[in-house]
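So the structure is just underneath, and the comments pick up after that.
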Amino acid sequence: MNITSQKPTAKSKKGIFYTIITNLTFWVLIAIIAGILLGHFSPANGVKMEILGAKFIALIKIFIGPIIFLTIVLGISGMGNLKKVGRIGVKALGYFEVVSTIALAIGVAVAYFFKPGKIDKSGLTLGDASQYTNGVAKDFSWLEFFFSNFTLQVLLAAIICGIALNFYKKREQTILVLDRFSKVVFLGLKYVMYLAPIGAFGGMAYTIGKFGLQTLIPLGKLMLCVYLTMALFVFLVLGTILKYYKISILSILKYIKEELLLVLGTSSSEAALPSIMVKLEQMGCSKSVVGLVIPTGYSFNLDGTSIYLSMSVIFLAQLYDVHLSFFEILSVIGILMITSKGAAGVTGSGFIVLASTLTALHKIPVEGLAFLLGVDKFMSEARAITNLIGNTVATIIISKSEHDFTELNLDPVLEE
């Protein structure tokens with residue numbers, strides 16, 4: 001997990017074969033390939049593997065609460081500057097809103113350029129979208145959003161406890177106990193991550209077995225547009241932001257490759273939340289910045305979801321030959337700036353938000369979502385991966401801007 005330059009060790013002398021077979025990334029990749037093969041050639045058995053992916057994600061979620069809580073409490077109590085906590089929070093939310101808006105605009109622009117919705121919808125397979133289209137005509141509620149978002153609840157509780165701990169007489173003793181407990185939690189996470197290949201296998205086998213690769217063909221143009229837009233956003237937008245700080249996006253992607261493959265296999269960015277927090281600290285980001293930015297980003301910095309939602313709205317408008325004026329396009333972006341915040345880290349939640357957005361727009365038939373059901377699962381991987389990369393970059397940028405970045409472990413990531 002460390003990205004420092006390595007000198008030859010006894011391990012490296014054992015050869016490349018040993019290095020490969022002891023690398024978790026290799027086994028996750030093998031598991032994904034095996035899951036695709038099983039789901040394609042034996043769909044019934046592939047669907048049965050859903051329990052493996054679901055149980056792994058459930059196991060990971062056990063660690064999310066304690067890790068967020070401990071990281072934030074220890075980060076704030078060790079910071080000794082409560083003004084800095086507020087500054088980091090405001091800076092992070094400002095960054096999230098700007099970058100997410102850029103993501104929404106890019107999604108709209110690419111959709112208008114490539115026109116993925118200009119196809120014959122009579123040949124498309126309809127799914128049952130009633131579970132998303134029924135009962136969505138209600139206003140967005142921040143209170144409901146908070147009470148349905150476990151990550152935000154833990155984040156708020158941790159911030160309050162971290163601030164209170166700064167005024168507690170036995171602060172040092174409490175920090176010592178929490179630090180020891182933190183090490184136990186992270187050690188447990190380390191062993192759970194060895195099960196990542198099983199989770200990735202189950203998730204991918206279920207996806208392919210349930211929906212089938214053949215469902216990609218009718219909406220292949222939309223799929224290609226979504227993945228192309230995600231790539232443009234990551235390499236051009238996020239890459240340019242990192243370049244300003246003399247950091248290579250390719251090196252960052254290489255550093256978090258295990259988490260990217262895990263998200264690819266499970267379709268959930270939550271599966272990688274605990275381990276990405278560990279890696280960012282090891283990279284050199286301070287505990288306080290990691291603790292504040294990553295959990296907040298999982299609720300407010302969903303770049304991949306923003307791209308998907310904006311492209312899907314334009315896709316459906318094109319599919320039904322609905323003309324949207326420039327003002328209505330701005331309205332779509334404005335609505336999505338709010339409703340997309342409700343798609344926090346849960347597989348399929350973006351689809352529910354899309355239904356809510358179409359209902360608020362009152363122009364594009366909500367029933368059109370039925371055309372997207374077949375490929376939505378395949379696009380959730382792209383959303384989750386882009387969300388993960390976006391939050392990783394955000395943490396690095398906020399940490400660098402706060403001059404709270406340890407250069408010790410950064411050599412292979414720097415461009416110069």
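Quick note on naming: the chains in the structure tokens go A, B, ... in the order shown, residues restart at 1 in each chain, and ligands are numbered from 1 in order of appearance.
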- Task: Might you pull out every residue within 10 Å of stretch 61-70 of chain A, with only C-alpha atoms counted and same-chain residues fewer than 4 positions away left off, and present them as an MDAnalysis selection string?
- Result: chainID A and resid 55:57 74:76 150:159 161:162 175 178:179 181:183 185:186 188:189 192 270:275 277:278 287 290:292 294:295
- Query: Near A:Ser267, counting only C-alpha atoms, which residues have an atom at most 9 Å away, once you skip same-chain residues fewer than 6 positions from it, shown as a VMD selection string?
  - Reply: chain A and resid 200 203 to 204 346 to 347 377 to 385
Take the residues just selected and output them with N, CA and C atoms as a PDB file, in the first residue's frame.
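Saved result, out33.pdb, follows:
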ATOM      1  N   ALA A 200     -15.778  -9.453  -5.465  1.00  0.00           N
ATOM      2  CA  ALA A 200     -15.753  -9.007  -6.855  1.00  0.00           C
ATOM      3  C   ALA A 200     -16.298 -10.083  -7.786  1.00  0.00           C
ATOM      4  N   GLY A 203     -20.185 -10.209  -7.325  1.00  0.00           N
ATOM      5  CA  GLY A 203     -20.842  -9.050  -7.911  1.00  0.00           C
ATOM      6  C   GLY A 203     -20.862  -9.087  -9.424  1.00  0.00           C
ATOM      7  N   MET A 204     -19.740  -9.448 -10.037  1.00  0.00           N
ATOM      8  CA  MET A 204     -19.660  -9.465 -11.497  1.00  0.00           C
ATOM      9  C   MET A 204     -20.454 -10.633 -12.087  1.00  0.00           C
ATOM     10  N   VAL A 346     -24.775   4.328  -3.060  1.00  0.00           N
ATOM     11  CA  VAL A 346     -25.534   3.080  -3.068  1.00  0.00           C
ATOM     12  C   VAL A 346     -25.868   2.680  -4.499  1.00  0.00           C
ATOM     13  N   THR A 347     -25.594   1.418  -4.842  1.00  0.00           N
ATOM     14  CA  THR A 347     -25.855   0.940  -6.184  1.00  0.00           C
ATOM     15  C   THR A 347     -27.326   1.108  -6.553  1.00  0.00           C
ATOM     16  N   LYS A 377     -27.182  -1.139 -14.773  1.00  0.00           N
ATOM     17  CA  LYS A 377     -26.251  -1.879 -13.913  1.00  0.00           C
ATOM     18  C   LYS A 377     -24.832  -1.827 -14.458  1.00  0.00           C
ATOM     19  N   PHE A 378     -24.695  -1.897 -15.792  1.00  0.00           N
ATOM     20  CA  PHE A 378     -23.368  -1.875 -16.397  1.00  0.00           C
ATOM     21  C   PHE A 378     -22.739  -0.482 -16.291  1.00  0.00           C
ATOM     22  N   MET A 379     -23.587   0.544 -16.275  1.00  0.00           N
ATOM     23  CA  MET A 379     -23.058   1.902 -16.168  1.00  0.00           C
ATOM     24  C   MET A 379     -22.785   2.292 -14.721  1.00  0.00           C
ATOM     25  N   SER A 380     -23.328   1.525 -13.775  1.00  0.00           N
ATOM     26  CA  SER A 380     -23.086   1.842 -12.364  1.00  0.00           C
ATOM     27  C   SER A 380     -21.615   1.670 -12.009  1.00  0.00           C
ATOM     28  N   GLU A 381     -20.928   0.746 -12.710  1.00  0.00           N
ATOM     29  CA  GLU A 381     -19.493   0.579 -12.486  1.00  0.00           C
ATOM     30  C   GLU A 381     -18.741   1.855 -12.834  1.00  0.00           C
ATOM     31  N   ALA A 382     -19.083   2.442 -13.997  1.00  0.00           N
ATOM     32  CA  ALA A 382     -18.424   3.681 -14.429  1.00  0.00           C
ATOM     33  C   ALA A 382     -18.699   4.810 -13.446  1.00  0.00           C
ATOM     34  N   ARG A 383     -19.937   4.892 -12.980  1.00  0.00           N
ATOM     35  CA  ARG A 383     -20.293   5.929 -12.007  1.00  0.00           C
ATOM     36  C   ARG A 383     -19.478   5.772 -10.726  1.00  0.00           C
ATOM     37  N   ALA A 384     -19.478   4.567 -10.194  1.00  0.00           N
ATOM     38  CA  ALA A 384     -18.815   4.324  -8.911  1.00  0.00           C
ATOM     39  C   ALA A 384     -17.311   4.562  -9.004  1.00  0.00           C
ATOM     40  N   ILE A 385     -16.687   4.132 -10.096  1.00  0.00           N
ATOM     41  CA  ILE A 385     -15.249   4.318 -10.274  1.00  0.00           C
ATOM     42  C   ILE A 385     -14.906   5.803 -10.373  1.00  0.00           C
TER      43      ILE A 385
END
Proximity of stretch 79-113 of chain A to stretch 305-308 of chain A: per-residue shortest pair, 7 Å limit, only C-alpha atoms, as CSV:
residue,atom,partner,partner_atom,distance
A:Ser100,CA,A:Ser306,CA,6.5
A:Ala103,CA,A:Ile307,CA,5.3
A:Leu104,CA,A:Ile307,CA,5.1
A:Ile106,CA,A:Ile307,CA,6.9
A:Gly107,CA,A:Ile307,CA,4.6
- Query: Between A:Glu50, A:Glu281, A:Glu97, A:Glu367, which has the minimum distance to A:Leu336 (counting only C-alpha atoms)?
  - Reply: A:Glu97
- Identify which of the residues A:Gln282, A:Ile72, A:Ala164, A:Val28 lies closest to A:Ile396, counting only C-alpha atoms when measuring atom-to-atom distances.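 Distance minimum relative to A:Ile396 lands on A:Gln282.
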